[in-house]
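Asker: Have a look at the structure that comes next, please.
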Amino acid sequence: MKLPTDNIFQLIRSMTASEKRYFKRHYSSEKGLATALFDYINSLDFYDEDIVKKHFSKSKLSKNLKVYKVQLTDLLLKSLTSYHSKKSVVSSIRIGLEEIDILIEKKLYSLADKRLKKTKELCLKYQESSYFFPILFIELHLKRFYSINDDDTRETIFDEMNENVETITRLLKLQEISFTLSNKINNELTQQFDQSEKEALKKILNDELLKTKDKELSFKEQYYLNTSLAKLYSVLEEESTLEYDYRKKTIDLFNNNKDIRTNQTQFYWAALYNYIFCCLELGKYEELEEGIEKVKDLANDSPYLERNLIFVYYLETKYNFIQNNFEFICENLEHKFKKQIEVYQQEEEFVTILTHIYFTITHLVLGDAQRVQFYLRRLFASNQIVDTGYIQFFELLELISHFETKDYDLIQNQLSSLKRKLKKEENTSLFYKETVNFFNDLTKTNKADRSALAKAFKENIEQFKNDPVYNIAKEFVLDDWLNAVILEKQFSERNRDQKVDI
C-alpha cells in the first residue's frame, strides 16, 4: 500500500538533528500550536492527514490544519536559512548582496563599495558565475551614479559582463548535454541508443565537446565537460575505456581545487560516486573499495548527504552480487538498506527498485522462496514508477521463482493470466511473448528434455537483443538461470559454484 505523504512531513524528515535543535531553540514556542504540530509530525513514521487532525481534535489546529502547516513551513524555512547563514559560499554571496543593497539605501556608498569588492572576490575565487551579473550591475550602478572609484572605466565592467555571458552560455550548453545523456543512460536498458542516435552523439563529441577542450574554462565548465565526455564514451562502446579517464580527471579537478571541493561537496560526492561506479563496471575493484569508504566518509561528515547513502548501498549490493557474496548481502546490506529507505522515505526511488531486484535474485540463489516472494510483491507495487518492460521482467522473474520451487501448477495459473493479458495489450515485447511460450513448453516437457529446450531457447533469443525486456532480463539473471536449466541444476546449486553473469 502506498502511504500518503505531505510536503511539511517531507521537509521535517529532511532536516538533520542539528537543524531541528536549532529550530526548537530559536523559532519555536512552548505554547505555540505550530511547534506542537512540528513535534507531532516529527514523531510520525508516515504522514496521514486524518490521524493528525484526530490528534489535535480538541484544539483549533484540527479545523485550520492547512493554515498551520503553511505557518510551520514558513518558520522552518526561516530557521533553516538562519542556520545555514554564511555556512556556504553561495549563502555568503547572497547575504553580501543583501547587505550591499541596505548600505546603498542608507547612502553609505563607500561601505557598500568595500562590501561589494569582498563579495566579488568571493565570487571569483569560487567561480560562482551566476552571481556575477548582480555584482557587476551594482558595481556599474555605484560608478555611474555615485562616482565611487570612478578611475576604472565602465568599459571594463561591460567587458567582464560579456565574458561572463560567454562563460554561462558554455556552461548551460554543457549542463544540457550532461543532463540529456543522464536521462537517456538511466533508461538505457529499456530505451537503448540506436545507431543513428550514436552517430548524433559522435557529432556532439566532435563539433561541441572536443573543440571546447582547447578553451580556457571555469571549474564548473571543466566539471560538466569531463562529465559529458565520460557519459558519451560510456555509450560509444568502442571508446568505453575513455569513460574511466574522464571520471578520474574530474576527481583530479576537485583535488586541485580544494577550496571549491570543500564548498561544492554535493558535486564532489557525485563525481566520486560516478568514478567508483565506473570502476565497478571495469572491474577495478581495489579502487572501487577505496572509493566506497571515501563516499561513506564524505556523507558522514556532511549530514545533508546522508540521503545519498542509498546509492552506496546499491553499489555495494551490486558489487557483492557480482562477487557471489550472497550471504554478505543478506547479513550486512539488506537491513541497512531497509533502514535507509524508511528513514528518508525513498521507497519509490528507482535505485530502490534496482536494489530490490538484486535482493530478489540473491534470495533466489539462497533458496529462500519466502523472501523472494516478499521482494517480488515490493517490485510489483512499483508499477507506477517503472516502464512496462520492468513489470514484464518481474512477471518472468516470478515464473523463474516458481520453477525453482517446482510449483508447476502455479506457473500454469500465472501463464493463463499472462496470456489473457497479452491478447488485450498492443506493442508487447516479442521476447516477453516468446518467454511466456517457453515457460509453457518447459513445464509440460519431460524433465529429461528440458535441457535441450532451454539450449534451443537461449540460442534463439539473441535476435531480441534490442528488446527492452530482454535487456533487463539479461542484465540481471537470464543467462545464468538458463545455464542452470541446461546443466540440469537448480539455480541456487549452480550459483554457489559459479560467478553470476549480469
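Chain identifiers are assigned as A, B, and so on, following the order in which chains appear in the C-alpha cells; residues are numbered from 1 within each chain, and ligands are numbered from 1 in order of appearance.
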Let's see if you can do this: from backbone DSSP, list all alpha helix (DSSP H) residues in range 148-182 of chain A, as a PyMOL selection string.

Answerer: chain A and resi 154-182

Asker: For the contact check between range 224-302 of chain A and range 124-134 of chain A, emit one row per residue of range 224-302 of chain A within 12 Å, containing the shortest atom pair and the distance in Å rounded to one decimal, counting only C-alpha atoms, chain then rising number order, as a Markdown table.

Answerer:
| residue | atom | partner | partner_atom | distance |
| --- | --- | --- | --- | --- |
| A:Phe254 | CA | A:Tyr126 | CA | 12.0 |
| A:Asn257 | CA | A:Tyr126 | CA | 9.2 |
| A:Lys258 | CA | A:Tyr126 | CA | 10.3 |
| A:Asp259 | CA | A:Tyr126 | CA | 7.4 |
| A:Ile260 | CA | A:Tyr126 | CA | 5.8 |
| A:Arg261 | CA | A:Tyr126 | CA | 9.6 |
| A:Thr262 | CA | A:Tyr126 | CA | 10.3 |
| A:Asn263 | CA | A:Tyr126 | CA | 8.2 |
| A:Gln264 | CA | A:Tyr126 | CA | 9.2 |

Asker: Dump C-alpha atoms for the selected residues as a PDB file, in the first residue's frame?

Answerer:
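Ended up saving to selection-v2.pdb:
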ATOM      1  CA  PHE A 254      38.457  18.667  -7.344  1.00  0.00           C
ATOM      2  CA  ASN A 257      40.821  22.977  -6.308  1.00  0.00           C
ATOM      3  CA  LYS A 258      40.450  22.119  -2.625  1.00  0.00           C
ATOM      4  CA  ASP A 259      38.581  25.322  -1.720  1.00  0.00           C
ATOM      5  CA  ILE A 260      35.926  24.542  -4.316  1.00  0.00           C
ATOM      6  CA  ARG A 261      35.864  20.872  -3.271  1.00  0.00           C
ATOM      7  CA  THR A 262      35.127  21.932   0.327  1.00  0.00           C
ATOM      8  CA  ASN A 263      32.342  24.269  -0.746  1.00  0.00           C
ATOM      9  CA  GLN A 264      30.884  22.093  -3.526  1.00  0.00           C
TER      10      GLN A 264
END

Asker: Glu475 in chain A: which residues within 12 Å, counting only C-alpha atoms, same-chain residues fewer than 6 positions away excluded, as a list in words?

Answerer: Glu188, Leu189, Thr190, Lys318, Ile322, Leu354, Ile357, Tyr358, Ile361, Tyr390, Phe393, Lys465, Pro468, Val469, Trp481, Val500, Asp501 and Ile502 of chain A

Asker: Would you kindly return, as a ChimeraX atom specification, each protein, DNA or RNA residue with an atom no farther than 12 Å from any atom of range 5-19 of chain A, considering only C-alpha atoms and excluding same-chain residues fewer than 5 positions away?

Answerer: /A:24-27,34,37-50,52,65-84,300,302-308,341-346

Asker: Could you check how far CA of Met161 in chain A sits from CA of Arg115 in chain A, in Å to one decimal?

Answerer: 19.6 Å

Asker: Using only C-alpha atoms, which of the listed residues (A:Asn460, A:Ser451, A:Asn206, A:Thr317) sits closest to Ile486 in chain A?

Answerer: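 Checking each of A:Asn460, A:Ser451, A:Asn206, A:Thr317 against Ile486 in chain A, counting only C-alpha atoms, the winner is A:Ser451.
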
Asker: What does the distance between CA of Ala112 in chain A and CA of Ile157 in chain A come to in Å, to one decimal place?

Answerer: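 Result for CA of Ala112 in chain A versus CA of Ile157 in chain A: 17.2 Å, one decimal.
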
Asker: When you look at Leu288 in chain A with a cut-off of 6 Å (counting only C-alpha atoms), what residues show up, excluding the ones that are within fewer than 2 positions of it in the same chain? I need them as an NGL selection string.

Answerer: :A and (276 or 279 or 285-286 or 290-291)

Asker: Output C-alpha atoms for every residue in the selection just made, as a PDB file, in the first residue's frame.

Answerer:
ATOM      1  CA  ILE A 276      33.733   4.337  -8.414  1.00  0.00           C
ATOM      2  CA  CYS A 279      35.500   1.237 -11.514  1.00  0.00           C
ATOM      3  CA  TYR A 285      37.816  -3.486  -7.578  1.00  0.00           C
ATOM      4  CA  GLU A 286      40.674  -2.153  -5.452  1.00  0.00           C
ATOM      5  CA  GLU A 290      38.749   2.563  -1.552  1.00  0.00           C
ATOM      6  CA  GLY A 291      36.189   4.842  -3.198  1.00  0.00           C
TER       7      GLY A 291
END

Asker: Restricting the calculation to only C-alpha atoms: of A:Leu399, A:Ala369, A:Leu61, A:Leu453, which residue gets closest to Gly32 in chain A?

Answerer: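 Of A:Leu399, A:Ala369, A:Leu61, A:Leu453, the one nearest Gly32 in chain A, counting only C-alpha atoms, is A:Leu61.
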
Asker: Rounded to one decimal place, report the CA of Ser228 in chain A-CA of Ser178 in chain A distance in Å.

Answerer: 4.8 Å

Asker: List the neighbours of Ile135 in chain A out to 8 Å using only C-alpha atoms; skip same-chain residues closer than 5 positions along the sequence, and give me the result as a list of chain:residue names.

Answerer: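 Contacts, in chain order: A:Leu97, A:Leu116, A:Thr119, A:Lys120.
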
Asker: Quick one: everything within 12 Å of Gly389 in chain A, counting only C-alpha atoms, minus sequence neighbours fewer than 2 positions away in the same chain. Send it as a ChimeraX atom specification.

Answerer: /A:187-191,383,385-387,391-396,427-432,467-473
